[in-house]
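Data from target.cif: mmCIF, C-alpha atoms
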```
data_run
#
loop_
_atom_site.label_atom_id
_atom_site.label_comp_id
_atom_site.auth_asym_id
_atom_site.auth_seq_id
_atom_site.Cartn_x
_atom_site.Cartn_y
_atom_site.Cartn_z
CA MET A 1063 -40.68 -60.63 50.41
CA GLN A 1064 -38.37 -58.67 48.13
CA PRO A 1065 -34.75 -59.82 48.06
CA SER A 1066 -33.59 -56.61 49.73
CA GLU A 1067 -36.05 -57.13 52.59
CA ARG A 1068 -34.83 -60.67 53.11
CA ILE A 1069 -31.24 -59.44 53.08
CA ARG A 1070 -32.04 -56.63 55.53
CA GLU A 1071 -33.67 -59.11 57.90
CA PHE A 1072 -30.64 -61.37 57.73
CA VAL A 1073 -28.18 -58.56 58.39
CA LYS A 1074 -30.26 -57.18 61.25
CA LYS A 1075 -30.44 -60.56 62.91
CA ASN A 1076 -26.81 -61.52 62.49
CA LEU A 1077 -24.66 -58.40 62.46
CA SER A 1078 -23.10 -57.46 65.78
CA VAL A 1079 -23.67 -53.71 65.69
CA TYR A 1080 -21.48 -51.28 67.62
CA ASP A 1081 -24.44 -49.12 68.66
CA ASP A 1082 -27.62 -50.92 69.71
CA ASN A 1083 -29.90 -48.01 68.82
CA VAL A 1084 -28.78 -47.85 65.22
CA VAL A 1085 -31.36 -48.23 62.44
CA LEU A 1086 -30.14 -50.16 59.44
CA GLY A 1087 -30.79 -48.35 56.17
CA ASP A 1088 -30.40 -50.09 52.83
CA ASP A 1089 -27.48 -47.88 51.81
CA ASP A 1090 -25.74 -47.83 55.17
CA ASN A 1091 -22.25 -49.27 55.25
CA ILE A 1092 -22.45 -52.54 57.15
CA PHE A 1093 -18.75 -52.44 57.91
CA GLU A 1094 -19.15 -49.10 59.72
CA LEU A 1095 -22.22 -50.11 61.71
CA GLY A 1096 -21.04 -53.40 63.07
CA PHE A 1097 -18.14 -55.77 63.51
CA VAL A 1098 -18.08 -58.01 60.44
CA ASP A 1099 -16.46 -61.14 61.81
CA SER A 1100 -15.76 -64.42 60.08
CA PRO A 1101 -18.93 -66.22 61.28
CA PHE A 1102 -21.03 -63.34 59.93
CA ALA A 1103 -19.17 -63.40 56.63
CA ILE A 1104 -19.50 -67.16 56.25
CA GLN A 1105 -23.18 -67.13 57.22
CA LEU A 1106 -23.86 -64.28 54.81
CA VAL A 1107 -22.25 -66.16 51.92
CA CYS A 1108 -24.20 -69.34 52.80
CA PHE A 1109 -27.41 -67.32 53.19
CA ILE A 1110 -27.02 -65.73 49.75
CA GLU A 1111 -26.20 -69.07 48.13
CA GLU A 1112 -29.14 -70.91 49.71
CA GLU A 1113 -31.76 -68.18 49.74
CA PHE A 1114 -31.23 -67.05 46.15
CA GLU A 1115 -29.87 -70.29 44.67
CA ILE A 1116 -26.70 -68.76 43.29
CA LYS A 1117 -23.09 -69.70 43.70
CA VAL A 1118 -20.74 -67.15 45.25
CA GLY A 1119 -17.43 -67.85 43.56
CA ASP A 1120 -13.99 -66.85 44.81
CA ASN A 1121 -13.92 -63.92 42.40
CA ASP A 1122 -17.25 -62.64 43.75
CA LEU A 1123 -15.79 -62.38 47.24
CA ASP A 1124 -15.00 -58.72 46.89
CA ILE A 1125 -15.96 -56.58 49.84
CA ASP A 1126 -17.57 -54.07 47.47
CA ASN A 1127 -20.34 -56.58 46.73
CA PHE A 1128 -21.31 -56.73 50.40
CA THR A 1129 -20.98 -53.27 51.93
CA SER A 1130 -24.70 -52.51 52.18
CA VAL A 1131 -28.09 -54.17 51.83
CA ASN A 1132 -28.54 -52.55 48.43
CA ARG A 1133 -25.10 -53.63 47.26
CA ILE A 1134 -25.84 -57.23 48.22
CA ALA A 1135 -29.23 -57.05 46.47
CA GLU A 1136 -27.55 -55.68 43.33
CA PHE A 1137 -24.98 -58.44 43.45
CA VAL A 1138 -27.71 -61.06 43.79
CA SER A 1139 -29.73 -59.72 40.87
CA LYS A 1140 -26.59 -59.46 38.71
CA LYS A 1141 -25.75 -63.09 39.46
CA LYS A 1142 -29.34 -64.19 38.86
CA LYS A 1143 -29.28 -62.47 35.49
CA VAL A 1144 -26.16 -64.36 34.48
CA TYR A 1145 -27.98 -67.60 35.29
CA GLU A 1146 -31.05 -66.53 33.30
CA ASP A 1147 -28.88 -65.64 30.31
CA ILE A 1148 -27.25 -69.05 30.36
CA LYS A 1149 -30.68 -70.70 30.37
CA MET B 1486 2.99 -89.67 49.51
CA GLU B 1487 1.81 -87.59 52.42
CA LYS B 1488 2.40 -89.15 55.78
CA GLN B 1489 -0.62 -90.40 57.68
CA LYS B 1490 -2.26 -87.59 59.65
CA GLU B 1491 -2.24 -87.63 63.43
CA THR B 1492 -5.41 -89.15 64.82
CA LYS B 1493 -7.61 -86.67 66.68
CA CYS B 1494 -10.37 -89.11 67.62
CA VAL B 1495 -10.56 -92.89 68.05
CA VAL B 1496 -14.06 -94.25 67.38
CA TRP B 1497 -14.63 -97.56 69.13
CA ASP B 1498 -17.04 -100.38 68.58
CA LEU B 1499 -18.23 -101.94 71.87
CA ASP B 1500 -19.10 -105.67 71.56
CA GLU B 1501 -16.00 -107.85 71.16
CA THR B 1502 -13.91 -104.67 70.87
CA ILE B 1503 -13.97 -102.77 74.16
CA TRP B 1504 -15.43 -105.72 75.97
CA ASP B 1505 -15.57 -109.48 75.42
CA GLY B 1506 -19.08 -110.69 74.68
CA ILE B 1507 -22.25 -109.25 73.22
CA LEU B 1508 -24.23 -107.00 75.55
CA LEU B 1509 -27.62 -107.88 74.06
CA GLU B 1510 -27.00 -111.56 74.69
CA MET B 1511 -25.44 -111.37 78.12
CA ASP B 1512 -25.25 -108.62 80.65
CA ALA B 1513 -22.02 -109.92 82.19
CA VAL B 1514 -19.65 -108.72 79.46
CA LYS B 1515 -16.02 -108.25 80.57
CA LEU B 1516 -13.68 -105.43 79.62
CA LYS B 1517 -10.77 -106.50 77.43
CA PRO B 1518 -7.57 -106.63 79.47
CA CYS B 1519 -5.83 -103.21 79.68
CA ILE B 1520 -8.41 -101.49 77.50
CA LYS B 1521 -9.25 -98.95 80.20
CA GLU B 1522 -5.61 -97.99 80.64
CA ILE B 1523 -5.22 -97.65 76.88
CA ILE B 1524 -8.22 -95.32 76.63
CA GLN B 1525 -7.03 -93.27 79.59
CA THR B 1526 -3.51 -92.98 78.25
CA LEU B 1527 -4.70 -91.85 74.83
CA ASP B 1528 -7.01 -89.36 76.54
CA SER B 1529 -4.07 -87.88 78.43
CA ARG B 1530 -2.26 -87.50 75.11
CA GLY B 1531 -5.09 -85.25 73.97
CA ILE B 1532 -6.70 -87.84 71.72
CA LEU B 1533 -10.48 -87.90 71.85
CA HIS B 1534 -12.69 -90.98 71.99
CA SER B 1535 -16.11 -91.74 70.63
CA ILE B 1536 -18.28 -94.78 69.96
CA ALA B 1537 -19.97 -96.30 66.94
CA SER B 1538 -21.85 -99.34 68.19
CA LYS B 1539 -25.03 -101.13 67.26
CA ASN B 1540 -26.64 -101.49 70.64
CA ASP B 1541 -29.33 -100.12 72.88
CA TYR B 1542 -28.12 -96.66 73.93
CA ASP B 1543 -29.22 -96.78 77.57
CA ASP B 1544 -27.97 -100.31 78.22
CA ALA B 1545 -24.60 -99.60 76.67
CA MET B 1546 -24.08 -96.29 78.47
CA CYS B 1547 -25.11 -97.92 81.72
CA LYS B 1548 -22.50 -100.61 81.19
CA LEU B 1549 -19.81 -98.04 80.34
CA LYS B 1550 -20.68 -96.15 83.51
CA GLU B 1551 -20.28 -99.35 85.50
CA PHE B 1552 -16.80 -99.71 84.00
CA GLY B 1553 -16.00 -96.06 84.78
CA LEU B 1554 -15.49 -95.30 81.11
CA ASP B 1555 -18.56 -93.28 80.12
CA GLU B 1556 -16.98 -89.86 80.66
CA TYR B 1557 -14.28 -90.53 78.05
CA PHE B 1558 -16.57 -90.66 75.03
CA LEU B 1559 -17.74 -87.59 73.17
CA TYR B 1560 -20.86 -87.71 70.98
CA PRO B 1561 -21.24 -91.51 71.29
CA GLU B 1562 -23.28 -93.05 68.46
CA ILE B 1563 -25.04 -96.05 69.93
CA ASN B 1564 -27.93 -96.93 67.65
CA TRP B 1565 -28.82 -99.14 64.69
CA ASN B 1566 -27.51 -96.84 61.96
CA ALA B 1567 -24.87 -97.91 59.49
CA LYS B 1568 -21.53 -97.18 61.14
CA SER B 1569 -20.55 -94.94 58.25
CA VAL B 1570 -23.47 -92.71 59.26
CA SER B 1571 -22.33 -92.76 62.89
CA ILE B 1572 -18.82 -91.78 61.84
CA ALA B 1573 -20.22 -88.96 59.71
CA ASN B 1574 -22.19 -87.65 62.70
CA ILE B 1575 -19.18 -87.80 65.01
CA ARG B 1576 -17.05 -86.08 62.41
CA GLU B 1577 -19.55 -83.29 62.05
CA ASN B 1578 -20.06 -82.83 65.78
CA LEU B 1579 -16.34 -82.67 66.48
CA ASN B 1580 -15.74 -80.64 63.32
CA ILE B 1581 -12.67 -82.66 62.32
CA HIS B 1582 -11.51 -84.15 59.04
CA PRO B 1583 -12.11 -87.88 58.30
CA GLU B 1584 -8.40 -88.52 57.88
CA THR B 1585 -7.92 -87.68 61.57
CA ILE B 1586 -10.35 -90.41 62.66
CA MET B 1587 -9.35 -93.96 63.60
CA PHE B 1588 -12.11 -96.58 63.69
CA VAL B 1589 -11.59 -99.72 65.76
CA ASP B 1590 -13.94 -102.66 65.23
CA ASP B 1591 -13.60 -106.45 65.41
CA ASN B 1592 -15.98 -107.03 62.50
CA PRO B 1593 -14.39 -106.84 59.03
CA LEU B 1594 -17.79 -106.13 57.44
CA GLU B 1595 -18.23 -103.02 59.57
CA ARG B 1596 -14.71 -101.85 58.80
CA ASP B 1597 -15.32 -102.36 55.09
CA GLU B 1598 -18.62 -100.51 55.21
CA VAL B 1599 -16.97 -97.51 56.94
CA GLN B 1600 -13.98 -97.66 54.62
CA SER B 1601 -16.11 -97.66 51.49
CA GLU B 1602 -17.97 -94.54 52.62
CA HIS B 1603 -14.98 -92.81 54.24
CA PRO B 1604 -11.80 -93.85 52.41
CA GLU B 1605 -9.72 -91.49 54.55
CA VAL B 1606 -10.70 -92.97 57.91
CA LEU B 1607 -8.05 -95.29 59.31
CA CYS B 1608 -9.77 -98.62 60.09
CA VAL B 1609 -8.10 -100.88 62.60
CA ASP B 1610 -8.92 -104.48 63.53
CA ALA B 1611 -9.84 -104.66 67.23
CA SER B 1612 -7.46 -107.58 67.70
CA GLN B 1613 -4.66 -105.01 67.32
CA TYR B 1614 -5.85 -102.93 70.28
CA ASN B 1615 -2.92 -103.90 72.46
CA SER B 1616 -0.45 -102.21 70.17
CA LEU B 1617 -2.42 -98.99 69.76
CA LEU B 1618 -0.32 -97.04 72.25
CA ASP B 1619 2.66 -97.47 69.92
CA HIS B 1620 0.76 -96.57 66.78
CA PRO B 1621 2.49 -93.66 64.99
CA CYS B 1622 -0.81 -91.81 64.50
CA LEU B 1623 -1.49 -91.89 68.22
CA ASN B 1624 1.82 -90.45 69.33
CA PRO B 1625 1.79 -86.67 69.02
CA ARG B 1626 5.26 -85.13 69.14
CA PHE B 1627 4.44 -82.97 72.15
CA ILE B 1628 1.81 -83.26 74.82
CA THR B 1629 0.93 -79.74 75.82
CA ALA B 1630 -1.26 -78.30 78.55
CA ASP B 1631 -3.85 -77.78 75.83
CA SER B 1632 -3.77 -81.38 74.65
CA LYS B 1633 -4.23 -82.69 78.20
CA ARG B 1634 -7.33 -80.57 78.70
CA ARG B 1635 -8.74 -81.25 75.24
CA ARG B 1636 -11.63 -83.51 76.21
CA LEU B 1637 -12.75 -81.11 78.93
CA MET B 1638 -12.63 -78.27 76.45
CA TYR B 1639 -14.88 -80.20 74.09
CA LEU B 1640 -17.28 -80.92 76.94
CA GLU B 1641 -17.43 -77.19 77.73
CA ASP B 1642 -18.11 -76.59 74.08
CA ILE B 1643 -21.03 -79.05 74.06
CA GLU B 1644 -22.53 -77.09 76.93
CA ARG B 1645 -22.04 -73.83 75.08
CA LYS B 1646 -23.56 -75.12 71.83
CA LYS B 1647 -26.59 -76.36 73.71
CA ASP B 1648 -27.14 -72.95 75.29
CA GLU B 1649 -26.65 -71.24 71.95
CA SER B 1650 -29.20 -73.42 70.16
CA GLU B 1651 -31.71 -72.75 72.94
CA TYR B 1652 -31.06 -69.01 72.96
CA GLN B 1653 -33.76 -66.89 71.38
CA GLY B 1654 -32.88 -63.34 70.45
CA PRO B 1655 -30.10 -61.54 68.66
CA LYS B 1656 -26.75 -63.24 68.21
CA LYS B 1657 -24.90 -60.28 69.62
CA GLU B 1658 -26.65 -60.58 72.97
CA PHE B 1659 -25.71 -64.24 73.20
CA ILE B 1660 -22.07 -63.57 72.35
CA ALA B 1661 -21.99 -60.68 74.80
CA SER B 1662 -23.32 -63.02 77.51
CA LEU B 1663 -20.34 -65.32 76.96
CA ASN B 1664 -17.96 -62.79 78.50
CA ILE B 1665 -15.14 -63.50 76.05
CA HIS B 1666 -11.57 -62.55 76.88
CA PHE B 1667 -9.21 -62.71 73.95
CA THR B 1668 -5.51 -62.20 74.56
CA ILE B 1669 -2.94 -61.47 71.85
CA SER B 1670 0.68 -61.69 72.92
CA GLN B 1671 4.19 -62.10 71.56
CA ALA B 1672 4.97 -65.81 71.61
CA LYS B 1673 7.56 -66.98 74.11
CA GLU B 1674 9.67 -70.07 74.09
CA GLU B 1675 7.23 -71.97 76.33
CA ASP B 1676 4.48 -71.41 73.73
CA LEU B 1677 6.34 -73.10 70.90
CA GLN B 1678 5.26 -76.70 71.47
CA ARG B 1679 1.65 -75.64 71.35
CA ALA B 1680 2.42 -73.38 68.38
CA GLU B 1681 3.85 -76.31 66.44
CA GLU B 1682 0.84 -78.41 67.40
CA LEU B 1683 -1.49 -75.68 66.11
CA THR B 1684 0.21 -75.59 62.71
CA ILE B 1685 -0.22 -79.38 62.44
CA ARG B 1686 -3.79 -79.63 63.70
CA THR B 1687 -5.50 -76.61 62.19
CA ASN B 1688 -6.98 -76.89 58.71
CA GLN B 1689 -10.13 -74.88 58.20
CA LEU B 1690 -9.02 -71.54 59.54
CA ASN B 1691 -5.51 -71.66 58.20
CA ALA B 1692 -4.28 -69.31 55.48
CA THR B 1693 -1.49 -71.47 54.12
CA GLY B 1694 -1.71 -74.92 55.69
CA SER B 1695 2.07 -74.85 56.15
CA THR B 1696 3.41 -76.65 59.17
CA TYR B 1697 6.29 -75.25 61.20
CA SER B 1698 8.47 -77.23 63.55
CA TYR B 1699 9.49 -76.15 67.02
CA ASP B 1700 12.92 -75.20 65.72
CA ASP B 1701 11.56 -73.18 62.79
CA LEU B 1702 9.38 -71.26 65.19
CA LYS B 1703 12.19 -70.75 67.68
CA MET B 1704 14.24 -69.08 64.97
CA PHE B 1705 11.50 -66.52 64.43
CA LEU B 1706 11.50 -65.62 68.13
CA SER B 1707 15.07 -64.40 68.00
CA SER B 1708 14.72 -62.73 64.60
CA ASP B 1709 14.11 -58.99 64.63
CA LYS B 1710 12.56 -59.36 61.18
CA HIS B 1711 9.68 -61.43 62.53
CA ARG B 1712 6.87 -61.21 65.04
CA LEU B 1713 5.18 -64.37 66.20
CA LEU B 1714 1.80 -63.72 67.83
CA ILE B 1715 -0.08 -66.27 69.88
CA CYS B 1716 -3.69 -65.92 71.03
CA GLU B 1717 -5.54 -67.26 73.99
CA MET B 1718 -9.23 -67.24 74.72
CA LYS B 1719 -11.58 -67.88 77.60
CA ASP B 1720 -15.28 -67.38 78.11
CA LYS B 1721 -17.76 -68.17 80.85
CA TYR B 1722 -17.63 -71.89 80.02
CA GLY B 1723 -13.90 -72.14 80.59
CA ALA B 1724 -10.51 -71.60 79.01
CA TYR B 1725 -9.90 -72.63 75.43
CA GLY B 1726 -6.15 -72.32 75.87
CA LYS B 1727 -3.91 -71.14 73.07
CA ILE B 1728 -5.97 -71.18 69.93
CA GLY B 1729 -4.46 -68.81 67.38
CA LEU B 1730 -1.16 -68.03 65.76
CA ALA B 1731 0.17 -65.45 63.32
CA LEU B 1732 3.64 -64.90 61.93
CA ILE B 1733 4.46 -61.47 60.55
CA GLU B 1734 7.60 -60.88 58.53
CA ILE B 1735 8.73 -57.27 58.79
CA MET B 1736 9.84 -55.98 55.39
CA PRO B 1737 11.08 -52.47 54.58
CA ASP B 1738 7.76 -51.35 53.09
CA CYS B 1739 5.28 -53.89 54.42
CA TYR B 1740 4.22 -56.40 57.02
CA HIS B 1741 3.88 -59.77 55.36
CA LEU B 1742 1.67 -62.35 57.05
CA ARG B 1743 3.37 -65.70 56.51
CA LEU B 1744 1.13 -67.72 58.76
CA PHE B 1745 -2.34 -67.11 60.08
CA LEU B 1746 -4.46 -69.71 61.81
CA MET B 1747 -7.20 -70.09 64.39
CA SER B 1748 -8.45 -73.32 65.95
CA CYS B 1749 -11.83 -74.40 64.62
CA ARG B 1750 -13.08 -74.72 68.19
CA VAL B 1751 -13.33 -70.94 68.42
CA MET B 1752 -14.50 -70.36 64.88
CA SER B 1753 -17.99 -69.29 65.92
CA HIS B 1754 -16.63 -66.59 68.25
CA GLY B 1755 -15.23 -64.50 65.41
CA VAL B 1756 -11.90 -63.94 67.10
CA GLY B 1757 -10.02 -64.63 63.85
CA SER B 1758 -11.36 -61.34 62.58
CA VAL B 1759 -10.27 -59.63 65.81
CA LEU B 1760 -6.72 -60.87 65.29
CA LEU B 1761 -6.79 -59.65 61.68
CA SER B 1762 -8.07 -56.26 62.88
CA TYR B 1763 -5.23 -56.06 65.39
CA ILE B 1764 -2.63 -56.86 62.73
CA MET B 1765 -4.17 -54.26 60.40
CA LYS B 1766 -4.02 -51.61 63.12
CA GLU B 1767 -0.40 -52.46 63.88
CA THR B 1768 0.47 -52.20 60.21
CA GLN B 1769 -1.22 -48.80 60.00
CA LYS B 1770 0.77 -47.60 63.00
CA ALA B 1771 4.00 -48.70 61.37
CA GLY B 1772 2.96 -46.86 58.21
CA LYS B 1773 3.42 -49.94 56.06
CA LYS B 1774 1.44 -52.00 53.61
CA LEU B 1775 -0.05 -55.36 54.56
CA ARG B 1776 0.36 -58.50 52.51
CA ALA B 1777 -0.53 -62.10 53.29
CA ASP B 1778 0.40 -65.47 51.87
CA PHE B 1779 -2.55 -67.62 50.98
CA ARG B 1780 -2.73 -71.17 49.71
CA ASP B 1781 -5.98 -72.80 48.66
CA THR B 1782 -5.75 -76.15 50.48
CA GLY B 1783 -9.25 -77.20 49.43
CA ARG B 1784 -10.36 -76.96 53.06
CA ASN B 1785 -9.76 -73.38 54.02
CA ARG B 1786 -12.41 -71.49 52.07
CA MET B 1787 -13.64 -70.06 55.38
CA THR B 1788 -10.28 -68.40 55.82
CA TYR B 1789 -10.48 -67.01 52.31
CA ILE B 1790 -13.89 -65.53 53.09
CA THR B 1791 -12.55 -64.10 56.36
CA PHE B 1792 -9.69 -62.38 54.54
CA MET B 1793 -11.90 -61.08 51.73
CA PHE B 1794 -14.36 -59.60 54.22
CA ALA B 1795 -11.44 -57.91 55.94
CA ASN B 1796 -10.85 -56.16 52.59
CA PHE B 1797 -7.91 -58.17 51.35
CA LYS B 1798 -7.57 -58.39 47.56
CA LYS B 1799 -5.92 -61.04 45.47
CA THR B 1800 -2.76 -59.84 43.72
CA GLU B 1801 0.07 -61.72 42.09
CA SER B 1802 -0.12 -65.47 42.08
CA LYS B 1803 2.73 -67.93 42.04
CA ASP B 1804 0.35 -70.55 40.70
CA LYS B 1805 -3.36 -71.31 40.71
CA ASP B 1806 -3.51 -72.24 44.40
CA ASN B 1807 -0.78 -70.04 45.84
CA PHE B 1808 -1.19 -66.31 45.92
CA ILE B 1809 -0.51 -63.13 47.80
CA LEU B 1810 -3.29 -61.00 49.22
CA GLU B 1811 -2.92 -57.29 49.76
CA ASN B 1812 -4.82 -54.91 52.01
CA ASP B 1813 -4.78 -51.14 51.42
CA LEU B 1814 -6.04 -50.63 54.99
CA SER B 1815 -8.81 -48.32 53.82
CA ILE B 1816 -11.26 -50.20 56.03
CA VAL B 1817 -9.97 -51.20 59.44
CA GLN B 1818 -12.65 -52.33 61.85
CA ASP B 1819 -12.64 -51.53 65.57
CA PHE B 1820 -12.72 -54.40 68.02
CA PRO B 1821 -16.27 -55.38 68.94
CA SER B 1822 -17.47 -54.16 72.33
CA TYR B 1823 -18.55 -57.63 73.48
CA ILE B 1824 -15.04 -59.12 73.36
CA ASP B 1825 -12.49 -58.00 75.92
CA VAL B 1826 -9.33 -57.79 73.80
CA ILE B 1827 -6.14 -57.85 75.84
CA ILE B 1828 -2.83 -57.03 74.17
CA ARG B 1829 0.31 -58.16 75.95
#
```
The structure given in the file should be rewritten as structure tokens.
Amino acid sequence: MQPSERIREFVKKNLSVYDDNVVLGDDDNIFELGFVDSPFAIQLVCFIEEEFEIKVGDNDLDIDNFTSVNRIAEFVSKKKKVYEDIK
Amino acid sequence: MEKQKETKCVVWDLDETIWDGILLEMDAVKLKPCIKEIIQTLDSRGILHSIASKNDYDDAMCKLKEFGLDEYFLYPEINWNAKSVSIANIRENLNIHPETIMFVDDNPLERDEVQSEHPEVLCVDASQYNSLLDHPCLNPRFITADSKRRRLMYLEDIERKKDESEYQGPKKEFIASLNIHFTISQAKEEDLQRAEELTIRTNQLNATGSTYSYDDLKMFLSSDKHRLLICEMKDKYGAYGKIGLALIEIMPDCYHLRLFLMSCRVMSHGVGSVLLSYIMKETQKAGKKLRADFRDTGRNRMTYITFMFANFKKTESKDKDNFILENDLSIVQDFPSYIDVIIR
């Protein structure tokens, strides 16, 4: 599975959406579709760290990195690239 | 030197600690004199109990039942594991910090083994049990309605966790089935003992880790420059009591959050974010900016994540661990439909 698919699955399963009939698109704003509460936020950070083996540092915790499936995927690939470069 | 933290849970050995004798060798073990009263008294002070004993689980629980003591122990670890492992399991199940655990055992080897793995756990020789009621760590300053019900609240939580782990299907449906009522109100004088207790006991969902005394908090009640909010929650499993606190300082151009905390017992309900949403809405109404004090205590990263996902940004910092967060209120989330939010 592509990273964005895995991320979409995670968000679909864990986000408490306002409207049950909504379809989650990769560019849709997560914060408009559902209530982003602290358990979701914490699980999302843990999911990203474990699933993609990267560390989400305090400075990465900017809402702009997490507003949509595509944004999260971009963030992940950017972080991955930093790791590759170090290697 | 920081003063010793209040004990939240006493973990007991059984043989030669709670009772005289060794259960495996003789069935007719006898409770130590007054031990039952001591356990009951601590329970009524809101202090939890658990067990770390090397014994057969069924035999030991049967014996505790006979003594009328079984209901007092949460997540008992009766097995052949190292006691440090048992303590780690209890700690994780109760979601408390090791420094709030007291371990009572007659065997110095067991105490040493626990101590070497958990340097912050307070290990006590069982021969001292008679003086436990006077121990400074076991004497909370106030005993509130919430502390008296604490064990029952944990039992309700065990029930809830079990249902959650067995629940198949989307998380939202499960949370909706809990029928959560979350009340936010202006604190009153009768809330202040519990409010002080919350500032002392809450670590993980606490923005600053600062403690406030009853008198500090009372001052804020009569100040027209402050608003002290207290939150209460109940769901279908029962009442969680007063579980959240926020102190807003009203400045000419902004609301400044001086204190923000939520008990870790309700962490998985997401009500911390509801309280933040409420405060953001109130700030919008007042046409002000929103700022918040934050201190990295090494234990409150969850709070940091909660604030960041509510669109707070780091601004000036007094030092590496102390800083002020600011929110431009460009994203303010509505309350979720599955929580009944009551504003008083």
Closest pair table for chain A residues within 9 Å of chain B, all atoms listed in the file, as CSV:
```
residue,atom,partner,partner_atom,distance
A:Lys1074,CA,B:Pro1655,CA,8.6
A:Lys1075,CA,B:Pro1655,CA,5.8
A:Asn1076,CA,B:Lys1656,CA,6.0
A:Leu1077,CA,B:Lys1657,CA,7.4
A:Ser1078,CA,B:Lys1657,CA,5.1
A:Val1079,CA,B:Lys1657,CA,7.8
A:Tyr1080,CA,B:Pro1821,CA,6.8
A:Phe1093,CA,B:Gln1818,CA,7.3
A:Glu1094,CA,B:Gln1818,CA,7.6
A:Gly1096,CA,B:Pro1821,CA,7.8
A:Phe1097,CA,B:Pro1821,CA,5.8
A:Val1098,CA,B:Phe1794,CA,7.4
A:Asp1099,CA,B:Gly1755,CA,5.1
A:Ser1100,CA,B:Thr1791,CA,4.9
A:Pro1101,CA,B:Ser1753,CA,5.6
A:Phe1102,CA,B:Gly1755,CA,8.1
A:Ala1103,CA,B:Phe1794,CA,6.6
A:Ile1104,CA,B:Met1787,CA,6.6
A:Val1107,CA,B:Ile1790,CA,8.5
A:Asp1120,CA,B:Tyr1789,CA,8.3
A:Leu1123,CA,B:Met1793,CA,6.1
A:Asp1124,CA,B:Met1793,CA,6.2
A:Ile1125,CA,B:Phe1794,CA,5.6
A:Asp1126,CA,B:Asn1796,CA,8.7
A:Phe1128,CA,B:Phe1794,CA,8.4
```
Let me know the centre plus edge lengths, in Å and rounded to one decimal, of a box with edges along x, y and z that contains all listed atoms of segment 1593-1596 of chain B and is padded by 6 Å on every side, as AutoDock Vina command-line options.
```
--center_x -16.3 --center_y -104.3 --center_z 58.5 --size_x 15.8 --size_y 17.0 --size_z 14.1
```
Checklist outcome for this item: Of A:Ile1110, A:Lys1142, A:Phe1137, A:Arg1068, the one sitting nearest Asp1122 of chain A when using only C-alpha atoms is A:Phe1137
Item to check | Top pick for closest residue to Leu1106 of chain A, considering A:Val1144, A:Arg1070, A:Met1063, A:Val1084 and counting all atoms listed in the file | outcome: A:Arg1070
Checklist entry - atom CA of Phe1558 of chain B and atom CA of Asp1610 of chain B are how many Å apart? => result 19.5 Å
Next on the checklist: For a quick check of your reading of the model, name the residues lying within 12 Å of the coordinate (-26.8, -61.0, 41.6), counting all atoms listed in the file, and write them as a list in words.
Outcome noted: Pro1065, Ser1066, Ile1110, Glu1111, Glu1113, Phe1114, Glu1115, Ile1116, Lys1117, Val1118, Gly1119, Asp1122, Asn1127, Phe1128, Asn1132, Arg1133, Ile1134, Ala1135, Glu1136, Phe1137, Val1138, Ser1139, Lys1140, Lys1141, Lys1142, Lys1143, Val1144, Tyr1145 and Glu1146 of chain A
Kindly save the residues from that selection, with C-alpha atoms included, as a compact mmCIF listing (two decimals), keeping the file's coordinate frame.
```txt
# COMPACT_ATOMS: atom_id res chain seq x y z
CA PRO A 1065 -34.75 -59.82 48.06
CA SER A 1066 -33.59 -56.61 49.73
CA ILE A 1110 -27.02 -65.73 49.75
CA GLU A 1111 -26.20 -69.07 48.13
CA GLU A 1113 -31.76 -68.18 49.74
CA PHE A 1114 -31.23 -67.05 46.15
CA GLU A 1115 -29.87 -70.29 44.67
CA ILE A 1116 -26.70 -68.76 43.29
CA LYS A 1117 -23.09 -69.70 43.70
CA VAL A 1118 -20.74 -67.15 45.25
CA GLY A 1119 -17.43 -67.85 43.56
CA ASP A 1122 -17.25 -62.64 43.75
CA ASN A 1127 -20.34 -56.58 46.73
CA PHE A 1128 -21.31 -56.73 50.40
CA ASN A 1132 -28.54 -52.55 48.43
CA ARG A 1133 -25.10 -53.63 47.26
CA ILE A 1134 -25.84 -57.23 48.22
CA ALA A 1135 -29.23 -57.05 46.47
CA GLU A 1136 -27.55 -55.68 43.33
CA PHE A 1137 -24.98 -58.44 43.45
CA VAL A 1138 -27.71 -61.06 43.79
CA SER A 1139 -29.73 -59.72 40.87
CA LYS A 1140 -26.59 -59.46 38.71
CA LYS A 1141 -25.75 -63.09 39.46
CA LYS A 1142 -29.34 -64.19 38.86
CA LYS A 1143 -29.28 -62.47 35.49
CA VAL A 1144 -26.16 -64.36 34.48
CA TYR A 1145 -27.98 -67.60 35.29
CA GLU A 1146 -31.05 -66.53 33.30
```
Checklist entry - In Å, with one decimal, what is the gap from atom CA of Cys1716 of chain B to atom CA of Ala1731 of chain B? => result 8.6 Å
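Within the file as shown, the PyMOL selection byres ((chain B and resi 1493) around 6) identifies Thr1492, Cys1494, Ile1532 and Thr1585 of chain B.
Closest to Ile1827 of chain B among B:Asn1785, B:Ser1601, B:Gln1671, B:Ser1569 is B:Gln1671, based on only C-alpha atoms.
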Checklist entry - Where does the PyMOL selection byres ((chain B and resi 1528) around 12) land in this file, that is, which residues does it pick, as a PyMOL selection string? => result chain B and resi 1492-1495+1521-1527+1529-1535+1554+1556-1559+1618+1623-1625+1628+1632-1637
